[in-house]
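Here is the file run_3.csv (CSV, C-alpha atoms).
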```csv
chain,number,residue,atom,x,y,z
A,256,MET,CA,0.0,0.0,0.0
A,257,ALA,CA,2.8,2.4,1.0
A,258,ASP,CA,4.7,2.0,-2.3
A,259,ASP,CA,1.4,2.6,-4.2
A,260,ALA,CA,1.1,6.0,-2.5
A,261,LEU,CA,4.8,6.8,-3.3
A,262,PHE,CA,4.3,6.1,-6.9
A,263,ASP,CA,1.1,8.2,-7.0
A,264,PHE,CA,2.8,11.1,-5.4
A,265,LEU,CA,5.9,10.8,-7.6
A,266,HIS,CA,3.6,10.9,-10.6
A,267,MET,CA,1.7,13.9,-9.5
A,268,GLU,CA,4.9,15.7,-8.6
A,269,ILE,CA,6.5,15.0,-12.0
A,270,VAL,CA,3.5,16.4,-13.7
A,271,SER,CA,3.4,19.5,-11.7
A,272,HIS,CA,7.1,20.0,-11.9
A,273,VAL,CA,7.2,19.8,-15.6
A,274,THR,CA,4.2,22.1,-16.1
A,275,LYS,CA,5.6,24.6,-13.6
A,276,SER,CA,9.3,24.5,-14.4
A,277,ASP,CA,9.0,27.0,-17.1
A,278,PRO,CA,6.2,29.5,-16.7
A,279,GLY,CA,6.5,30.5,-20.4
A,280,LEU,CA,5.3,27.0,-21.3
A,281,LEU,CA,2.0,27.4,-19.6
A,282,GLN,CA,0.4,29.3,-22.4
A,283,ASP,CA,1.0,26.6,-24.9
A,284,GLY,CA,1.1,23.3,-23.1
A,285,ASP,CA,2.5,21.5,-26.1
A,286,GLU,CA,6.1,21.6,-25.0
A,287,ALA,CA,5.4,20.5,-21.5
A,288,MET,CA,3.1,17.8,-22.9
A,289,SER,CA,5.7,16.4,-25.2
A,290,LYS,CA,8.2,16.5,-22.4
A,291,LEU,CA,5.9,14.4,-20.2
A,292,GLU,CA,5.2,12.1,-23.1
A,293,GLN,CA,8.9,11.6,-23.6
A,294,ILE,CA,9.4,10.8,-19.9
A,295,GLY,CA,6.6,8.4,-20.1
A,296,TYR,CA,7.9,6.8,-23.2
A,297,SER,CA,11.4,6.3,-21.9
A,298,THR,CA,10.4,4.9,-18.5
A,299,GLY,CA,7.9,2.7,-20.3
A,300,TYR,CA,10.5,1.4,-22.7
A,301,ARG,CA,12.9,0.5,-19.9
A,302,PHE,CA,10.2,-1.0,-17.8
A,303,ILE,CA,9.0,-3.2,-20.7
A,304,GLU,CA,12.5,-4.3,-21.4
A,305,ARG,CA,12.7,-5.6,-17.8
A,306,LEU,CA,9.2,-7.0,-17.7
A,307,THR,CA,9.4,-9.0,-20.8
A,308,LYS,CA,12.7,-10.5,-20.0
A,309,ASP,CA,11.3,-13.8,-18.8
A,310,LEU,CA,8.3,-14.0,-21.1
A,311,SER,CA,8.3,-16.2,-24.1
A,312,ARG,CA,8.7,-14.7,-27.5
A,313,PHE,CA,5.7,-12.9,-28.9
A,314,LYS,CA,4.2,-14.3,-32.0
A,315,ASP,CA,2.3,-11.4,-33.4
A,316,GLU,CA,0.9,-8.0,-32.6
A,317,LEU,CA,-2.2,-9.4,-30.9
A,318,GLU,CA,0.0,-11.3,-28.4
A,319,VAL,CA,1.9,-8.1,-27.7
A,320,MET,CA,-1.3,-6.3,-27.0
A,321,LYS,CA,-2.4,-9.1,-24.7
A,322,ALA,CA,0.8,-8.8,-22.8
A,323,ILE,CA,0.3,-5.1,-22.4
A,324,CYS,CA,-3.2,-5.6,-21.2
A,325,LYS,CA,-2.3,-8.3,-18.7
A,326,ASP,CA,1.3,-8.1,-17.5
A,327,PHE,CA,2.1,-4.5,-18.1
A,328,TRP,CA,-1.1,-3.1,-16.8
A,329,SER,CA,-1.2,-5.2,-13.7
A,330,ALA,CA,2.4,-4.3,-13.0
A,331,VAL,CA,1.9,-0.6,-13.3
A,332,PHE,CA,-1.8,-0.1,-12.5
A,333,LYS,CA,-2.4,-3.1,-10.3
A,334,LYS,CA,-5.3,-4.2,-12.5
A,335,GLN,CA,-5.9,-5.6,-16.0
A,336,VAL,CA,-7.4,-3.7,-18.9
A,337,ASP,CA,-11.1,-4.0,-18.9
A,338,ASN,CA,-11.6,-4.2,-22.6
A,339,LEU,CA,-9.5,-4.7,-25.6
A,340,ARG,CA,-10.9,-4.1,-29.0
A,341,THR,CA,-9.3,-4.2,-32.4
A,342,ASN,CA,-10.3,-3.9,-36.1
A,343,HIS,CA,-7.5,-6.4,-37.0
A,344,GLN,CA,-5.8,-3.7,-39.1
A,345,GLY,CA,-3.5,-2.5,-36.5
A,346,VAL,CA,-5.8,-0.3,-34.5
A,347,TYR,CA,-6.3,-1.3,-30.9
A,348,VAL,CA,-8.5,0.3,-28.3
A,349,LEU,CA,-7.7,-0.4,-24.6
A,350,GLN,CA,-10.4,0.5,-22.2
A,351,ASP,CA,-9.8,0.8,-18.5
A,352,ASN,CA,-12.8,1.8,-16.4
A,353,LYS,CA,-10.8,2.8,-13.4
A,354,PHE,CA,-7.6,4.1,-14.7
A,355,ARG,CA,-5.2,4.6,-11.8
A,356,PHE,CA,-4.0,8.1,-12.5
A,357,LEU,CA,-7.5,9.3,-13.1
A,358,ALA,CA,-9.2,7.4,-10.3
A,359,SER,CA,-8.6,10.0,-7.6
A,360,ILE,CA,-8.9,13.1,-9.7
A,361,SER,CA,-11.7,13.5,-12.2
A,362,ASN,CA,-9.6,15.0,-15.0
A,363,SER,CA,-6.6,17.2,-15.9
A,364,ARG,CA,-4.0,14.5,-15.5
A,365,GLN,CA,-1.7,14.3,-18.4
A,366,TYR,CA,-0.3,11.8,-20.7
A,367,LEU,CA,2.5,10.6,-18.6
A,368,GLU,CA,2.9,6.8,-18.7
A,369,LEU,CA,0.4,6.5,-21.5
A,370,ALA,CA,3.1,6.6,-24.1
A,371,PRO,CA,4.5,3.1,-23.4
A,372,LYS,CA,1.5,1.4,-25.0
A,373,PHE,CA,2.6,2.6,-28.4
A,374,LEU,CA,6.0,1.3,-27.6
A,375,LEU,CA,5.7,-2.4,-28.1
A,376,VAL,CA,3.7,-2.1,-31.3
A,377,VAL,CA,6.5,0.0,-32.8
A,378,CYS,CA,9.4,-2.2,-31.9
B,42,MET,CA,35.3,-21.3,-27.6
B,43,ALA,CA,33.5,-18.0,-28.1
B,44,VAL,CA,35.4,-15.6,-30.2
B,45,CYS,CA,32.9,-12.8,-30.6
B,46,ILE,CA,29.7,-11.4,-29.0
B,47,GLY,CA,27.5,-8.9,-30.8
B,48,PHE,CA,24.3,-6.9,-30.2
B,49,ILE,CA,22.1,-5.7,-33.0
B,50,GLY,CA,19.3,-3.1,-32.4
B,51,LYS,CA,15.7,-3.4,-33.3
B,52,GLU,CA,16.2,-1.6,-36.6
B,53,ASN,CA,19.1,-3.8,-37.4
B,54,SER,CA,21.8,-1.3,-36.5
B,55,PRO,CA,24.9,-2.6,-34.8
B,56,LEU,CA,24.8,-1.7,-31.1
B,57,PHE,CA,27.9,-3.5,-29.8
B,58,LEU,CA,30.5,-5.9,-30.9
B,59,ARG,CA,33.4,-7.3,-29.0
B,60,CYS,CA,35.8,-10.0,-30.1
B,61,ILE,CA,38.9,-11.7,-28.8
B,62,ASN,CA,41.1,-10.9,-31.8
B,63,GLN,CA,40.7,-7.3,-32.8
B,64,SER,CA,42.1,-7.9,-36.3
B,65,GLN,CA,39.0,-10.1,-37.1
B,66,GLU,CA,36.5,-7.4,-36.1
B,67,LEU,CA,35.6,-6.6,-39.7
B,68,GLN,CA,35.0,-10.2,-40.6
B,69,PHE,CA,32.7,-10.6,-37.6
B,70,HIS,CA,30.7,-7.5,-38.5
B,71,TYR,CA,30.2,-9.2,-41.9
B,72,ILE,CA,29.0,-12.4,-40.2
B,73,MET,CA,26.7,-10.4,-37.9
B,74,HIS,CA,25.1,-8.8,-40.9
B,75,THR,CA,24.5,-12.2,-42.5
B,76,CYS,CA,22.9,-13.5,-39.3
B,77,ILE,CA,20.2,-10.9,-39.4
B,78,ASP,CA,18.6,-12.7,-42.3
B,79,PHE,CA,18.8,-16.0,-40.5
B,80,VAL,CA,17.2,-14.5,-37.4
B,81,GLU,CA,14.2,-13.3,-39.4
B,82,GLU,CA,13.9,-16.7,-41.1
B,83,LYS,CA,14.0,-18.5,-37.8
B,84,ILE,CA,11.3,-16.3,-36.3
B,85,ILE,CA,9.0,-16.7,-39.3
B,86,GLN,CA,9.6,-20.5,-39.3
B,87,SER,CA,8.8,-20.9,-35.6
B,88,ASN,CA,5.7,-18.7,-35.9
B,89,LYS,CA,4.4,-20.9,-38.8
B,90,SER,CA,5.0,-24.1,-37.0
B,91,GLY,CA,2.5,-23.0,-34.4
B,92,SER,CA,4.2,-24.5,-31.5
B,93,ASP,CA,3.3,-23.0,-28.2
B,94,VAL,CA,6.8,-22.9,-26.8
B,95,ARG,CA,8.6,-20.0,-28.3
B,96,GLU,CA,11.9,-19.3,-26.8
B,97,LEU,CA,14.0,-16.2,-27.0
B,98,TYR,CA,16.9,-18.4,-27.8
B,99,LEU,CA,17.0,-19.2,-31.5
B,100,GLY,CA,19.8,-21.8,-31.6
B,101,LEU,CA,22.4,-22.3,-34.3
B,102,LEU,CA,22.0,-19.6,-37.0
B,103,TYR,CA,24.9,-20.1,-39.3
B,104,SER,CA,27.9,-22.3,-39.6
B,105,SER,CA,30.9,-22.3,-41.8
B,106,GLU,CA,34.3,-24.0,-41.8
B,107,GLU,CA,35.7,-21.6,-39.3
B,108,VAL,CA,32.9,-20.4,-37.2
B,109,LYS,CA,29.4,-21.1,-35.9
B,110,ALA,CA,26.9,-18.4,-34.9
B,111,TYR,CA,24.2,-18.7,-32.3
B,112,GLY,CA,21.3,-16.3,-32.0
B,113,PHE,CA,19.0,-14.9,-29.4
B,114,VAL,CA,16.3,-12.3,-29.8
B,115,THR,CA,14.6,-10.2,-27.0
B,116,ASN,CA,11.0,-9.3,-27.0
B,117,THR,CA,12.0,-5.8,-28.0
B,118,LYS,CA,13.6,-7.2,-31.1
B,119,VAL,CA,17.2,-6.7,-30.0
B,120,LYS,CA,19.3,-9.5,-31.4
B,121,ILE,CA,22.3,-11.0,-29.6
B,122,VAL,CA,24.7,-13.1,-31.6
B,123,ILE,CA,27.6,-15.3,-30.2
B,124,ILE,CA,30.2,-16.5,-32.7
B,125,ILE,CA,32.1,-19.6,-31.8
B,126,ASP,CA,35.2,-21.2,-33.3
B,127,SER,CA,34.1,-24.3,-35.1
B,128,THR,CA,37.3,-26.2,-34.4
B,129,ASN,CA,36.4,-26.3,-30.7
B,130,SER,CA,33.1,-28.1,-29.9
B,131,LEU,CA,33.5,-28.0,-26.2
B,132,LEU,CA,30.7,-25.6,-25.6
B,133,ARG,CA,27.4,-27.3,-25.2
B,134,ASP,CA,23.9,-26.0,-26.0
B,135,ASN,CA,23.0,-25.3,-22.4
B,136,GLU,CA,26.2,-23.4,-21.8
B,137,ILE,CA,25.5,-21.1,-24.7
B,138,ARG,CA,22.0,-20.6,-23.2
B,139,ALA,CA,23.6,-19.6,-19.9
B,140,ILE,CA,25.8,-17.1,-21.7
B,141,PHE,CA,22.8,-15.6,-23.5
B,142,ARG,CA,20.9,-15.4,-20.3
B,143,LYS,CA,23.7,-13.4,-18.7
B,144,LEU,CA,24.0,-11.2,-21.7
B,145,HIS,CA,20.3,-10.5,-21.7
B,146,ASN,CA,20.4,-9.7,-18.0
B,147,ALA,CA,23.2,-7.3,-18.5
B,148,TYR,CA,21.4,-5.7,-21.4
B,149,THR,CA,18.2,-5.1,-19.4
B,150,GLU,CA,20.3,-3.6,-16.6
B,151,LEU,CA,21.9,-1.3,-19.2
B,152,VAL,CA,18.6,-0.2,-20.6
B,153,CYS,CA,17.3,0.6,-17.2
B,154,ASN,CA,20.2,3.0,-16.8
B,155,PRO,CA,18.7,6.5,-17.4
B,156,PHE,CA,22.0,7.7,-18.9
B,157,TYR,CA,21.7,5.3,-21.8
B,158,THR,CA,19.4,6.1,-24.6
B,159,PRO,CA,17.9,2.9,-26.1
B,160,GLY,CA,19.1,2.4,-29.7
B,161,ASP,CA,22.4,4.1,-29.3
B,162,PRO,CA,25.6,2.2,-29.7
B,163,ILE,CA,26.6,0.8,-26.3
B,164,THR,CA,29.6,2.5,-24.7
B,165,SER,CA,29.1,1.5,-21.1
B,166,LYS,CA,32.4,0.4,-19.5
B,167,SER,CA,30.9,-2.0,-17.0
B,168,PHE,CA,28.8,-3.7,-19.8
B,169,GLY,CA,31.9,-4.0,-21.9
B,170,ALA,CA,33.8,-5.5,-19.0
B,171,LEU,CA,31.1,-8.1,-18.4
B,172,VAL,CA,31.2,-9.1,-22.0
B,173,ASP,CA,34.9,-9.4,-22.0
B,174,GLU,CA,34.7,-11.6,-18.9
B,175,LEU,CA,32.2,-13.9,-20.6
B,176,LEU,CA,34.4,-14.1,-23.7
B,177,ALA,CA,37.4,-14.9,-21.6
B,178,SER,CA,35.6,-17.5,-19.4
B,179,SER,CA,34.3,-19.4,-22.4
B,180,SER,CA,37.5,-19.6,-24.4
```

Have the structure of the file written as structure tokens, please.
Amino acid sequence: MADDALFDFLHMEIVSHVTKSDPGLLQDGDEAMSKLEQIGYSTGYRFIERLTKDLSRFKDELEVMKAICKDFWSAVFKKQVDNLRTNHQGVYVLQDNKFRFLASISNSRQYLELAPKFLLVVC
Amino acid sequence: MAVCIGFIGKENSPLFLRCINQSQELQFHYIMHTCIDFVEEKIIQSNKSGSDVRELYLGLLYSSEEVKAYGFVTNTKVKIVIIIDSTNSLLRDNEIRAIFRKLHNAYTELVCNPFYTPGDPITSKSFGALVDELLASSS
């Protein structure tokens, strides 16, 4: 429980630090946003590298998505994705009804940590 | 008797290559390059066969009169290749697996280092030292 709180606080703090660090950025949130995305992507990449170390080799894209829904989601958000939909042409929709970063606050949380889900498909 | 260990990135760019005899480095680069095709072939083959057990370890990729190459691919499509002197068949399959496991562990540690950007050529000294050690211990 304690480490959950730490992770939540760290996440909130990173978001507020990045958005506040340069007041000039506040007008156009794009730069702060892409910075957050970049943080999310690189932590996600490293995390995936470690997480998939002991998994068997993925056969196709669908298997990658399943791994994201089950293993990755439960490692980061302590729950699995509620719903995974696809049109079988490379578009996947992940639905999480109680997304951890949004659960305590209704909105205004940014894209941090969302980036890694694009990651596995790319590589 | 391992003579060379190499890492290839997910877009098939060379990440790292270390061999015992520096003068052969170019030749090993060439063999690495050849191995990429074999890796892809192996992956397609094992996907088609439909077996449920898919390992990261790919087994023997390529063999010639002088050398044999063994391959390994991570889930993030980074390929690891070990080149072994054919004249010496002392290394067994499970020993090669053990080396690959160590290399993979070392690579994951490296990627988790925030000062390393994934996809860049590997320059880490401790990583290089570990590979050197593995090369020395298996020869």

Chain A residues near chain B (9 Å cut-off, all atoms listed in the file) as a PDB file with C-alpha atoms, in the coordinates of the input:
```pdb
ATOM      1  CA  SER A 297      11.400   6.300 -21.900  1.00  0.00           C
ATOM      2  CA  THR A 298      10.400   4.900 -18.500  1.00  0.00           C
ATOM      3  CA  TYR A 300      10.500   1.400 -22.700  1.00  0.00           C
ATOM      4  CA  ARG A 301      12.900   0.500 -19.900  1.00  0.00           C
ATOM      5  CA  PHE A 302      10.200  -1.000 -17.800  1.00  0.00           C
ATOM      6  CA  ILE A 303       9.000  -3.200 -20.700  1.00  0.00           C
ATOM      7  CA  GLU A 304      12.500  -4.300 -21.400  1.00  0.00           C
ATOM      8  CA  ARG A 305      12.700  -5.600 -17.800  1.00  0.00           C
ATOM      9  CA  THR A 307       9.400  -9.000 -20.800  1.00  0.00           C
ATOM     10  CA  LYS A 308      12.700 -10.500 -20.000  1.00  0.00           C
ATOM     11  CA  ASP A 309      11.300 -13.800 -18.800  1.00  0.00           C
ATOM     12  CA  LEU A 310       8.300 -14.000 -21.100  1.00  0.00           C
ATOM     13  CA  SER A 311       8.300 -16.200 -24.100  1.00  0.00           C
ATOM     14  CA  ARG A 312       8.700 -14.700 -27.500  1.00  0.00           C
ATOM     15  CA  PHE A 313       5.700 -12.900 -28.900  1.00  0.00           C
ATOM     16  CA  LYS A 314       4.200 -14.300 -32.000  1.00  0.00           C
ATOM     17  CA  ASP A 315       2.300 -11.400 -33.400  1.00  0.00           C
ATOM     18  CA  LEU A 375       5.700  -2.400 -28.100  1.00  0.00           C
ATOM     19  CA  CYS A 378       9.400  -2.200 -31.900  1.00  0.00           C
TER      20      CYS A 378
END
```

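Put simply, atom CA of Leu176 of chain B is 6.7 Å away from atom CA of Val44 of chain B.
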
Close residues, Asp351 of chain A itself excluded, 7 Å, all atoms listed in the file, min 4 positions apart in chain, as a PDB file with C-alpha atoms, keeping the file's coordinate frame:
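Okay, result.pdb is ready:
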```
ATOM      1  CA  VAL A 336      -7.400  -3.700 -18.900  1.00  0.00           C
ATOM      2  CA  ASP A 337     -11.100  -4.000 -18.900  1.00  0.00           C
ATOM      3  CA  ASN A 338     -11.600  -4.200 -22.600  1.00  0.00           C
TER       4      ASN A 338
END
```

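Residues within 6 Å of Ala43 of chain B, counting only C-alpha atoms and excluding same-chain residues fewer than 4 positions away, are Ile124, Ile125, Leu176, Ser179 and Ser180 of chain B.
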
- Message: When you look at segment 54-63 of chain B with a cut-off of 6 Å (counting all atoms listed in the file), what residues show up, excluding the ones that are within fewer than 3 positions of it in the same chain? I need them as a ChimeraX atom specification.
- Response: /B:44-50,66,162-163

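Between Ile123 of chain B and the residues B:Gln86, B:Tyr157, B:Asp78, B:Phe69, the shortest atom-to-atom distance, using only C-alpha atoms, involves B:Phe69.
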
- Enumerate, as a count of residues only, the protein, DNA and RNA residues whose atoms approach (-1.1, -4.8, -30.0) to within 8 Å, taking into account only C-alpha atoms and the coordinate frame of the file. 12

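Atom pair atom CA of Trp328 of chain A / atom CA of Asp259 of chain A: separated by 14.1 Å.
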
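Put simply, atom CA of Ala139 of chain B is 17.8 Å away from atom CA of Gly169 of chain B.
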
- Query: Nearest to Met42 of chain B: which of B:Leu99, B:Val122, B:Val108, B:Ala147 is it, counting only C-alpha atoms?
  - Reply: B:Val108
